[in-house]
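Chemist: Structure supplied as entry.txt; contents: compact mmCIF, C-alpha atoms.
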# COMPACT_ATOMS: atom_id res chain seq x y z
CA MET J 198 0.00 0.00 0.00
CA ARG J 199 1.33 3.47 -0.89
CA LEU J 200 0.60 6.84 0.67
CA ARG J 201 -1.06 9.39 -1.59
CA LYS J 202 0.32 12.91 -1.32
CA SER J 203 -2.03 15.72 -0.42
CA CYS J 204 -2.01 19.41 0.32
CA TYR J 205 -2.86 20.08 3.96
CA THR J 206 -5.45 22.70 4.74
CA GLN J 207 -3.93 23.94 7.98
CA ARG J 208 -0.70 23.58 9.92
CA VAL J 209 0.33 25.13 13.23
CA LEU J 210 3.79 24.58 14.69
CA ARG J 211 4.52 25.80 18.23
CA PRO J 212 8.02 25.53 19.78
CA ALA J 213 8.95 26.33 23.40
CA GLU J 214 12.03 26.09 25.59
CA PRO J 215 11.99 24.07 28.81
CA ALA J 216 12.62 25.52 32.26
CA GLN J 217 16.24 26.59 32.76
CA GLU J 218 17.18 23.70 35.04
CA LEU J 219 15.92 21.20 32.46
CA LYS J 220 18.03 22.47 29.57
CA PRO J 221 20.88 20.00 30.15
CA PHE J 222 18.32 17.26 29.43
CA VAL J 223 15.44 18.71 27.37
CA ARG J 224 16.33 20.70 24.26
CA LYS J 225 12.83 21.97 23.49
CA TYR J 226 9.14 21.16 23.26
CA CYS J 227 7.23 21.25 20.01
CA GLN J 228 3.51 21.01 19.29
CA LEU J 229 2.28 20.27 15.79
CA GLU J 230 -1.32 20.56 14.60
CA VAL J 231 -2.18 19.49 11.06
CA SER J 232 -5.54 19.19 9.34
CA ALA J 233 -5.40 17.15 6.12
CA HIS J 234 -8.54 16.11 4.28
CA ASN J 235 -9.48 13.80 1.38
CA SER J 236 -6.03 12.18 1.13
CA THR J 237 -2.81 11.81 3.06
CA LEU J 238 -0.03 14.34 3.72
CA VAL J 239 3.28 12.48 3.34
CA TRP J 240 6.08 13.64 5.62
CA PRO J 241 9.52 12.05 5.06
CA ILE J 242 11.64 11.52 8.17
CA PRO J 243 15.33 11.78 7.25
CA ALA J 244 18.41 11.52 9.47
CA ARG J 245 17.96 13.32 12.79
CA SER J 246 20.47 13.95 15.56
CA ILE J 247 18.30 13.94 18.69
CA PRO J 248 15.87 11.50 20.31
CA CYS J 249 12.39 12.43 21.47
CA ILE J 250 9.18 11.28 23.11
CA GLU J 251 6.05 12.08 21.13
CA PHE J 252 2.54 12.25 22.56
CA THR J 253 -0.16 11.85 19.91
CA PHE J 254 -3.68 13.26 20.19
CA GLY J 255 -6.46 13.47 17.65
CA ASP J 256 -6.26 11.00 14.75
CA PRO J 257 -3.35 8.53 14.79
CA TYR J 258 -1.03 8.85 11.83
CA LEU J 259 0.37 6.15 9.58
CA VAL J 260 3.99 5.00 9.71
CA ARG J 261 5.29 3.52 6.45
CA SER J 262 8.59 1.66 6.18
CA VAL J 263 10.46 2.81 3.08
CA ASP J 264 12.24 -0.57 2.92
CA ASP J 265 9.22 -2.82 2.49
CA SER J 266 6.20 -0.44 2.34
CA ARG J 267 4.65 -1.89 5.51
CA LEU J 268 2.10 0.41 7.16
CA GLY J 269 1.32 0.72 10.85
CA LEU J 270 -0.21 3.23 13.25
CA THR J 271 1.74 5.37 15.66
CA TYR J 272 1.59 4.64 19.40
CA PRO J 273 -0.17 7.09 21.74
CA VAL J 274 3.27 7.74 23.31
CA THR J 275 6.33 6.89 21.22
CA LEU J 276 10.01 6.85 22.15
CA ILE J 277 11.85 7.82 18.97
CA GLY J 278 15.59 7.45 18.55
CA ALA J 279 18.01 9.52 16.52
CA LYS J 280 18.15 8.48 12.87
CA THR J 281 21.06 7.89 10.51
CA HIS J 282 18.96 7.77 7.30
CA GLN J 283 15.35 7.78 6.15
CA ARG J 284 13.67 4.54 7.24
CA ILE J 285 10.07 5.73 7.48
CA GLN J 286 7.57 8.18 6.09
CA LEU J 287 4.60 9.48 8.05
CA GLY J 288 1.11 9.67 6.59
CA LEU J 289 -1.01 12.41 8.19
CA GLN J 290 -4.73 12.32 7.58
CA GLY J 291 -7.63 13.99 9.37
CA HIS J 292 -6.72 16.12 12.38
CA ILE J 293 -3.27 15.37 13.84
CA GLU J 294 -2.01 16.87 17.07
CA THR J 295 1.30 15.95 18.67
CA PHE J 296 3.29 17.24 21.63
CA THR J 297 6.96 16.28 21.38
CA VAL J 298 9.73 16.40 23.98
CA LEU J 299 13.05 16.74 22.16
CA PHE J 300 15.95 15.66 24.35
CA GLN J 301 19.58 16.64 24.44
CA PRO J 302 21.66 14.01 22.61
CA THR J 303 22.97 12.26 25.75
CA ALA J 304 19.85 12.72 27.89
CA LEU J 305 18.35 9.25 27.50
CA HIS J 306 21.61 7.68 28.61
CA ARG J 307 21.85 10.02 31.59
CA LEU J 308 18.20 9.80 32.64
CA PHE J 309 17.52 6.11 32.09
CA SER J 310 20.92 4.45 31.51
CA LEU J 311 19.36 3.46 28.21
CA PRO J 312 21.82 2.11 25.61
CA ALA J 313 21.42 4.63 22.83
CA GLY J 314 22.07 2.02 20.16
CA LEU J 315 18.87 0.27 21.21
CA ILE J 316 16.63 3.01 19.82
CA VAL J 317 18.66 4.58 17.00
CA ASN J 318 16.56 4.34 13.83
CA GLU J 319 13.67 2.86 15.84
CA GLY J 320 10.43 3.90 17.50
CA TYR J 321 8.92 2.05 20.47
CA GLU J 322 5.89 2.30 22.69
CA ALA J 323 7.46 4.53 25.33
CA ASP J 324 5.95 2.98 28.47
CA ALA J 325 7.17 -0.47 27.45
CA VAL J 326 10.78 0.75 27.32
CA LEU J 327 10.97 3.45 30.00
CA ASN J 328 8.41 2.33 32.61
CA LEU J 329 7.52 5.94 33.43
CA ARG J 330 3.72 5.81 33.50
CA LEU J 331 3.72 8.07 30.48
CA ALA J 332 0.13 7.15 29.71
CA LEU J 333 -0.87 9.16 32.77
CA LEU J 334 1.25 12.09 31.61
CA ARG J 335 -0.41 11.86 28.18
CA THR J 336 -3.83 12.09 29.82
CA GLU J 337 -2.78 15.19 31.75
CA LEU J 338 -1.32 16.78 28.61
CA GLY J 339 -4.47 15.93 26.68
CA GLU J 340 -6.64 17.69 29.25
CA ALA J 341 -4.53 20.87 29.18
CA LYS J 342 -6.30 23.87 27.66
CA SER J 343 -3.28 25.40 25.92
CA PHE J 344 0.22 24.71 24.65
CA SER J 345 1.70 26.78 27.49
CA GLN J 346 -0.11 24.60 30.03
CA ARG J 347 1.33 21.51 28.38
CA VAL J 348 4.82 22.98 28.67
CA GLU J 349 4.25 23.63 32.39
CA ILE J 350 3.00 20.05 32.89
CA ALA J 351 6.01 18.60 31.06
CA ASP J 352 8.43 20.82 33.00
CA ARG J 353 6.92 19.63 36.27
CA PHE J 354 7.20 15.98 35.25
CA PHE J 355 10.84 16.20 34.15
CA ARG J 356 11.86 18.26 37.18
CA ARG J 357 10.89 15.28 39.33
CA LEU J 358 12.77 12.96 37.01
CA ILE J 359 16.10 14.80 36.96
CA ALA J 360 16.22 15.02 40.76
CA ARG J 361 17.62 11.47 40.83
CA VAL J 362 20.24 11.93 38.10
CA ASN J 363 23.96 11.87 38.82
CA ASN J 364 25.36 15.05 37.29
CA ARG J 365 28.91 13.85 36.80
CA PRO J 366 30.37 15.42 33.64
CA GLY J 367 30.27 13.21 30.56
CA LEU J 368 30.22 13.94 26.86
CA GLU J 369 27.87 16.92 27.08
CA ALA J 370 30.59 19.52 26.46
CA VAL J 371 31.93 17.65 23.43
CA VAL J 372 28.49 17.13 21.91
CA GLY J 373 27.64 20.78 22.63
CA LYS J 374 30.75 21.82 20.72
CA MET J 375 29.72 19.64 17.78
CA ILE J 376 26.27 21.23 17.74
CA SER J 377 27.57 24.80 18.09
CA GLN J 378 29.98 24.20 15.19
CA GLN J 379 27.19 22.54 13.18
CA GLY J 380 29.14 19.34 12.67
CA CYS J 381 32.14 21.10 11.13
CA VAL J 382 34.67 19.51 13.51
CA ARG J 383 37.48 16.97 13.38
CA VAL J 384 36.92 13.85 15.46
CA GLN J 385 40.55 13.78 16.53
CA ALA J 386 40.21 17.31 17.94
CA LEU J 387 37.15 16.20 19.91
CA ALA J 388 39.03 13.22 21.31
CA ASP J 389 41.88 15.52 22.33
CA CYS J 390 39.39 17.66 24.29
CA THR J 391 38.47 14.64 26.40
CA GLY J 392 42.01 13.43 26.97
CA LEU J 393 41.10 10.08 25.41
CA GLY J 394 42.71 8.29 22.54
CA LEU J 395 40.82 8.37 19.25
CA ARG J 396 39.55 4.78 19.35
CA GLN J 397 38.59 5.01 23.03
CA PHE J 398 36.71 8.26 22.37
CA GLU J 399 34.87 6.76 19.40
CA ARG J 400 33.77 3.76 21.48
CA LEU J 401 32.58 5.96 24.35
CA PHE J 402 30.74 8.34 22.05
CA THR J 403 29.00 5.52 20.19
CA SER J 404 27.96 3.82 23.44
CA HIS J 405 26.34 7.06 24.71
CA LEU J 406 24.69 8.26 21.48
CA GLY J 407 24.36 5.10 19.43
CA ILE J 408 26.05 6.78 16.44
CA ALA J 409 29.77 7.09 15.69
CA PRO J 410 31.11 10.67 16.04
CA LYS J 411 31.98 11.12 12.37
CA ALA J 412 28.49 10.02 11.28
CA TYR J 413 26.93 12.22 13.98
CA ALA J 414 28.87 15.26 12.74
CA ARG J 415 27.62 14.54 9.22
CA ILE J 416 24.00 14.52 10.43
CA LEU J 417 24.50 17.80 12.32
CA ARG J 418 25.85 19.46 9.18
CA PHE J 419 22.89 18.14 7.18
CA GLU J 420 20.49 19.61 9.77
CA ALA J 421 22.39 22.90 9.71
CA ALA J 422 21.99 23.11 5.93
CA ILE J 423 18.22 22.59 6.26
CA HIS J 424 17.98 25.18 9.02
CA ARG J 425 19.99 27.80 7.10
CA LYS J 426 17.88 27.37 4.00
CA SER J 427 14.65 27.62 6.03
CA VAL J 428 15.63 30.94 7.68
CA SER J 429 17.65 32.70 4.96
CA SER J 430 17.61 33.56 1.28
CA HIS J 431 21.07 32.05 0.70
CA ASN J 432 21.41 29.79 -2.33
CA TRP J 433 22.61 26.21 -1.97
CA THR J 434 26.09 27.00 -3.29
CA THR J 435 26.59 29.58 -0.54
CA ILE J 436 25.27 27.23 2.16
CA ALA J 437 27.50 24.39 0.94
CA HIS J 438 30.52 26.71 1.14
CA GLU J 439 29.59 28.03 4.61
CA LEU J 440 29.28 24.50 6.00
CA GLY J 441 32.54 23.21 4.58
CA TYR J 442 31.24 20.90 1.87
CA PHE J 443 33.67 20.41 -1.02
CA ASP J 444 31.04 21.74 -3.41
CA GLN J 445 27.29 21.74 -3.95
CA MET J 446 27.33 18.20 -5.38
CA HIS J 447 28.99 16.95 -2.19
CA MET J 448 26.14 18.48 -0.18
CA ILE J 449 23.50 16.97 -2.52
CA HIS J 450 25.14 13.56 -2.13
CA ASP J 451 24.88 13.90 1.67
CA PHE J 452 21.22 14.88 1.39
CA GLN J 453 20.48 11.80 -0.69
CA ALA J 454 22.42 9.51 1.64
CA LEU J 455 20.81 10.87 4.82
CA SER J 456 17.28 11.46 3.56
CA GLY J 457 16.80 9.62 0.30
CA GLU J 458 15.76 12.99 -1.17
CA SER J 459 17.39 15.91 -2.94
CA PRO J 460 17.39 19.36 -1.28
CA LYS J 461 14.63 20.45 -3.69
CA GLN J 462 12.43 17.45 -2.80
CA LEU J 463 12.82 18.14 0.93
CA THR J 464 12.20 21.89 0.68
CA PRO J 465 8.42 21.77 1.46
CA HIS J 466 9.24 20.07 4.77
CA PHE J 467 12.12 22.29 5.92
CA GLU J 468 10.20 24.17 8.62
CA LEU J 469 9.05 20.94 10.26
CA LEU J 470 12.41 19.21 9.90
CA SER J 471 14.26 22.21 11.31
CA SER J 472 11.94 22.32 14.33
CA MET J 473 12.81 18.69 15.15
CA SER J 474 16.57 19.04 14.89
CA ALA J 475 19.45 20.28 17.02
CA ASP J 476 19.38 23.81 15.53
Any chance you could give the structure as structure tokens?

Modeler:
Amino acid sequence: MRLRKSCYTQRVLRPAEPAQELKPFVRKYCQLEVSAHNSTLVWPIPARSIPCIEFTFGDPYLVRSVDDSRLGLTYPVTLIGAKTHQRIQLGLQGHIETFTVLFQPTALHRLFSLPAGLIVNEGYEADAVLNLRLALLRTELGEAKSFSQRVEIADRFFRRLIARVNNRPGLEAVVGKMISQQGCVRVQALADCTGLGLRQFERLFTSHLGIAPKAYARILRFEAAIHRKSVSSHNWTTIAHELGYFDQMHMIHDFQALSGESPKQLTPHFELLSSMSAD
């Protein structure tokens, strides 16, 4: 079964920052409301650098595997890992409403001692993996009368959660440097910052994020290109030069490898993709 593309009739995207004390763990909150009628709005999900938990209200949306075209429905609460390439497309039909908690890259490891490799490129029913009674949180979020109330409810929930976390320094500074430099970093220089040898650093990084540092930097640069194009009038040649690609064709090759799409094909989705990335 294939998804039929459609023009949506309405889309509202609302981002918000978490409370200050949560920022080492929660990058941002995002609420998406889409009304699509008569057929299905297809939303490709390319490589993405950060994990999230998504609460779904309204009509459930379809999840299609690009490998074998299997279709399924999203869970009410889904734990979604970072992604190294496009494995799924979403089919949005009817009225879709989601509230998403986007985490810092190492947060799931810090909060739950969860092996990051377990969820990279995957999506699971969140309660089954995290045992957090997230169904109750979803009910509370669903009863909220506004997006700002949902943010307050989520802040309150995660404040209780981080109270038990050991705040020993880990890879946060290194990952923060990668994000701030939009993936334009040398892995050896990152290893030197930690005092570890290159191979030891690569093993530690991969165990905490589920993705090797070189591949992670590539995804960050891909996200940075999408974000720059969505907020500026720069042409692709300029963006490729600013982000250290050899040339525009090198950037297009990365887009195809990480998303299965060309920059032009992804353009209608840039606002949504940028909102769900480590911009």

Chemist: Restricting the calculation to all atoms listed in the file: of J:Phe252, J:Ile359, J:Tyr226, J:Cys390, which residue gets closest to Glu337 (chain J)?

Modeler: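 So, comparing all the options, the nearest one is J:Phe252.
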
Chemist: Using all atoms listed in the file, which residues sit within 9 Å of Glu468 (chain J) once same-chain residues fewer than 4 positions away are excluded, as a PyMOL selection string?

Modeler: chain J and resi 210+423-424+427-428+464+472-473

Chemist: List as a PyMOL selection string the protein and nucleic acid residues near Leu327 (chain J), meaning an atom at most 12 Å away when all atoms listed in the file are counted, but skip any in the same chain fewer than 3 places from it.

Modeler: chain J and resi 250+274-277+305-306+308-312+316+321-324+330-332+358

Chemist: Restricting the calculation to only C-alpha atoms, which member of J:Val263, J:Ile416, J:Ala213, J:Cys381 is positioned closest to Ser345 (chain J)?

Modeler: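 For Ser345 (chain J), the nearest of the candidates is J:Ala213.
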
Chemist: Which residue, J:Thr403, J:Thr391, J:Thr336, J:Ser236, has the smallest gap to Val317 (chain J) when you use all atoms listed in the file?

Modeler: J:Thr403

Chemist: Keeping just C-alpha atoms, export region 313-436 of chain J of this structure as a PDB file, in the first residue's frame.

Modeler:
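The resulting result22.pdb:
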ATOM      1  CA  ALA J 313      21.415   4.627  22.829  1.00  0.00           C
ATOM      2  CA  GLY J 314      22.073   2.024  20.156  1.00  0.00           C
ATOM      3  CA  LEU J 315      18.868   0.268  21.211  1.00  0.00           C
ATOM      4  CA  ILE J 316      16.629   3.015  19.821  1.00  0.00           C
ATOM      5  CA  VAL J 317      18.665   4.582  17.003  1.00  0.00           C
ATOM      6  CA  ASN J 318      16.563   4.335  13.826  1.00  0.00           C
ATOM      7  CA  GLU J 319      13.673   2.859  15.836  1.00  0.00           C
ATOM      8  CA  GLY J 320      10.431   3.903  17.499  1.00  0.00           C
ATOM      9  CA  TYR J 321       8.923   2.055  20.468  1.00  0.00           C
ATOM     10  CA  GLU J 322       5.891   2.305  22.685  1.00  0.00           C
ATOM     11  CA  ALA J 323       7.465   4.525  25.334  1.00  0.00           C
ATOM     12  CA  ASP J 324       5.947   2.979  28.466  1.00  0.00           C
ATOM     13  CA  ALA J 325       7.166  -0.472  27.453  1.00  0.00           C
ATOM     14  CA  VAL J 326      10.782   0.745  27.324  1.00  0.00           C
ATOM     15  CA  LEU J 327      10.971   3.452  30.000  1.00  0.00           C
ATOM     16  CA  ASN J 328       8.414   2.327  32.605  1.00  0.00           C
ATOM     17  CA  LEU J 329       7.519   5.936  33.430  1.00  0.00           C
ATOM     18  CA  ARG J 330       3.720   5.809  33.501  1.00  0.00           C
ATOM     19  CA  LEU J 331       3.724   8.072  30.483  1.00  0.00           C
ATOM     20  CA  ALA J 332       0.130   7.146  29.710  1.00  0.00           C
ATOM     21  CA  LEU J 333      -0.869   9.164  32.773  1.00  0.00           C
ATOM     22  CA  LEU J 334       1.246  12.090  31.611  1.00  0.00           C
ATOM     23  CA  ARG J 335      -0.407  11.861  28.182  1.00  0.00           C
ATOM     24  CA  THR J 336      -3.825  12.087  29.823  1.00  0.00           C
ATOM     25  CA  GLU J 337      -2.779  15.188  31.748  1.00  0.00           C
ATOM     26  CA  LEU J 338      -1.321  16.776  28.611  1.00  0.00           C
ATOM     27  CA  GLY J 339      -4.475  15.932  26.681  1.00  0.00           C
ATOM     28  CA  GLU J 340      -6.643  17.690  29.251  1.00  0.00           C
ATOM     29  CA  ALA J 341      -4.533  20.875  29.181  1.00  0.00           C
ATOM     30  CA  LYS J 342      -6.302  23.867  27.661  1.00  0.00           C
ATOM     31  CA  SER J 343      -3.277  25.403  25.915  1.00  0.00           C
ATOM     32  CA  PHE J 344       0.219  24.709  24.651  1.00  0.00           C
ATOM     33  CA  SER J 345       1.703  26.783  27.487  1.00  0.00           C
ATOM     34  CA  GLN J 346      -0.110  24.599  30.030  1.00  0.00           C
ATOM     35  CA  ARG J 347       1.332  21.512  28.377  1.00  0.00           C
ATOM     36  CA  VAL J 348       4.820  22.983  28.673  1.00  0.00           C
ATOM     37  CA  GLU J 349       4.245  23.629  32.393  1.00  0.00           C
ATOM     38  CA  ILE J 350       3.003  20.052  32.891  1.00  0.00           C
ATOM     39  CA  ALA J 351       6.009  18.604  31.058  1.00  0.00           C
ATOM     40  CA  ASP J 352       8.426  20.825  32.998  1.00  0.00           C
ATOM     41  CA  ARG J 353       6.923  19.633  36.272  1.00  0.00           C
ATOM     42  CA  PHE J 354       7.197  15.979  35.246  1.00  0.00           C
ATOM     43  CA  PHE J 355      10.838  16.201  34.146  1.00  0.00           C
ATOM     44  CA  ARG J 356      11.861  18.257  37.179  1.00  0.00           C
ATOM     45  CA  ARG J 357      10.891  15.279  39.331  1.00  0.00           C
ATOM     46  CA  LEU J 358      12.772  12.959  37.008  1.00  0.00           C
ATOM     47  CA  ILE J 359      16.103  14.798  36.957  1.00  0.00           C
ATOM     48  CA  ALA J 360      16.221  15.020  40.760  1.00  0.00           C
ATOM     49  CA  ARG J 361      17.623  11.473  40.831  1.00  0.00           C
ATOM     50  CA  VAL J 362      20.235  11.935  38.101  1.00  0.00           C
ATOM     51  CA  ASN J 363      23.956  11.869  38.819  1.00  0.00           C
ATOM     52  CA  ASN J 364      25.355  15.053  37.289  1.00  0.00           C
ATOM     53  CA  ARG J 365      28.906  13.853  36.798  1.00  0.00           C
ATOM     54  CA  PRO J 366      30.366  15.424  33.637  1.00  0.00           C
ATOM     55  CA  GLY J 367      30.273  13.210  30.557  1.00  0.00           C
ATOM     56  CA  LEU J 368      30.220  13.942  26.857  1.00  0.00           C
ATOM     57  CA  GLU J 369      27.866  16.916  27.080  1.00  0.00           C
ATOM     58  CA  ALA J 370      30.588  19.517  26.460  1.00  0.00           C
ATOM     59  CA  VAL J 371      31.934  17.650  23.430  1.00  0.00           C
ATOM     60  CA  VAL J 372      28.486  17.134  21.913  1.00  0.00           C
ATOM     61  CA  GLY J 373      27.642  20.776  22.634  1.00  0.00           C
ATOM     62  CA  LYS J 374      30.754  21.818  20.724  1.00  0.00           C
ATOM     63  CA  MET J 375      29.724  19.644  17.780  1.00  0.00           C
ATOM     64  CA  ILE J 376      26.269  21.233  17.738  1.00  0.00           C
ATOM     65  CA  SER J 377      27.570  24.796  18.090  1.00  0.00           C
ATOM     66  CA  GLN J 378      29.975  24.204  15.189  1.00  0.00           C
ATOM     67  CA  GLN J 379      27.194  22.544  13.176  1.00  0.00           C
ATOM     68  CA  GLY J 380      29.144  19.342  12.672  1.00  0.00           C
ATOM     69  CA  CYS J 381      32.142  21.104  11.129  1.00  0.00           C
ATOM     70  CA  VAL J 382      34.672  19.514  13.510  1.00  0.00           C
ATOM     71  CA  ARG J 383      37.479  16.967  13.382  1.00  0.00           C
ATOM     72  CA  VAL J 384      36.922  13.847  15.462  1.00  0.00           C
ATOM     73  CA  GLN J 385      40.554  13.784  16.529  1.00  0.00           C
ATOM     74  CA  ALA J 386      40.213  17.310  17.937  1.00  0.00           C
ATOM     75  CA  LEU J 387      37.147  16.200  19.909  1.00  0.00           C
ATOM     76  CA  ALA J 388      39.030  13.224  21.310  1.00  0.00           C
ATOM     77  CA  ASP J 389      41.881  15.519  22.329  1.00  0.00           C
ATOM     78  CA  CYS J 390      39.389  17.661  24.292  1.00  0.00           C
ATOM     79  CA  THR J 391      38.465  14.644  26.403  1.00  0.00           C
ATOM     80  CA  GLY J 392      42.010  13.426  26.974  1.00  0.00           C
ATOM     81  CA  LEU J 393      41.104  10.077  25.413  1.00  0.00           C
ATOM     82  CA  GLY J 394      42.713   8.288  22.537  1.00  0.00           C
ATOM     83  CA  LEU J 395      40.816   8.366  19.247  1.00  0.00           C
ATOM     84  CA  ARG J 396      39.546   4.775  19.350  1.00  0.00           C
ATOM     85  CA  GLN J 397      38.587   5.013  23.030  1.00  0.00           C
ATOM     86  CA  PHE J 398      36.710   8.263  22.372  1.00  0.00           C
ATOM     87  CA  GLU J 399      34.873   6.756  19.400  1.00  0.00           C
ATOM     88  CA  ARG J 400      33.774   3.757  21.483  1.00  0.00           C
ATOM     89  CA  LEU J 401      32.583   5.960  24.355  1.00  0.00           C
ATOM     90  CA  PHE J 402      30.741   8.340  22.045  1.00  0.00           C
ATOM     91  CA  THR J 403      29.002   5.520  20.191  1.00  0.00           C
ATOM     92  CA  SER J 404      27.960   3.819  23.442  1.00  0.00           C
ATOM     93  CA  HIS J 405      26.342   7.058  24.710  1.00  0.00           C
ATOM     94  CA  LEU J 406      24.691   8.260  21.483  1.00  0.00           C
ATOM     95  CA  GLY J 407      24.355   5.102  19.426  1.00  0.00           C
ATOM     96  CA  ILE J 408      26.047   6.783  16.440  1.00  0.00           C
ATOM     97  CA  ALA J 409      29.767   7.092  15.692  1.00  0.00           C
ATOM     98  CA  PRO J 410      31.110  10.669  16.043  1.00  0.00           C
ATOM     99  CA  LYS J 411      31.980  11.116  12.368  1.00  0.00           C
ATOM    100  CA  ALA J 412      28.490  10.020  11.284  1.00  0.00           C
ATOM    101  CA  TYR J 413      26.931  12.218  13.978  1.00  0.00           C
ATOM    102  CA  ALA J 414      28.866  15.264  12.744  1.00  0.00           C
ATOM    103  CA  ARG J 415      27.624  14.542   9.220  1.00  0.00           C
ATOM    104  CA  ILE J 416      24.004  14.522  10.431  1.00  0.00           C
ATOM    105  CA  LEU J 417      24.502  17.799  12.317  1.00  0.00           C
ATOM    106  CA  ARG J 418      25.854  19.465   9.182  1.00  0.00           C
ATOM    107  CA  PHE J 419      22.890  18.140   7.175  1.00  0.00           C
ATOM    108  CA  GLU J 420      20.493  19.607   9.772  1.00  0.00           C
ATOM    109  CA  ALA J 421      22.395  22.897   9.715  1.00  0.00           C
ATOM    110  CA  ALA J 422      21.990  23.112   5.929  1.00  0.00           C
ATOM    111  CA  ILE J 423      18.224  22.588   6.256  1.00  0.00           C
ATOM    112  CA  HIS J 424      17.979  25.182   9.018  1.00  0.00           C
ATOM    113  CA  ARG J 425      19.990  27.800   7.102  1.00  0.00           C
ATOM    114  CA  LYS J 426      17.878  27.371   3.998  1.00  0.00           C
ATOM    115  CA  SER J 427      14.650  27.625   6.026  1.00  0.00           C
ATOM    116  CA  VAL J 428      15.631  30.943   7.675  1.00  0.00           C
ATOM    117  CA  SER J 429      17.653  32.696   4.963  1.00  0.00           C
ATOM    118  CA  SER J 430      17.613  33.555   1.279  1.00  0.00           C
ATOM    119  CA  HIS J 431      21.067  32.050   0.696  1.00  0.00           C
ATOM    120  CA  ASN J 432      21.407  29.791  -2.327  1.00  0.00           C
ATOM    121  CA  TRP J 433      22.614  26.206  -1.969  1.00  0.00           C
ATOM    122  CA  THR J 434      26.086  27.000  -3.293  1.00  0.00           C
ATOM    123  CA  THR J 435      26.591  29.578  -0.538  1.00  0.00           C
ATOM    124  CA  ILE J 436      25.265  27.228   2.160  1.00  0.00           C
TER     125      ILE J 436
END
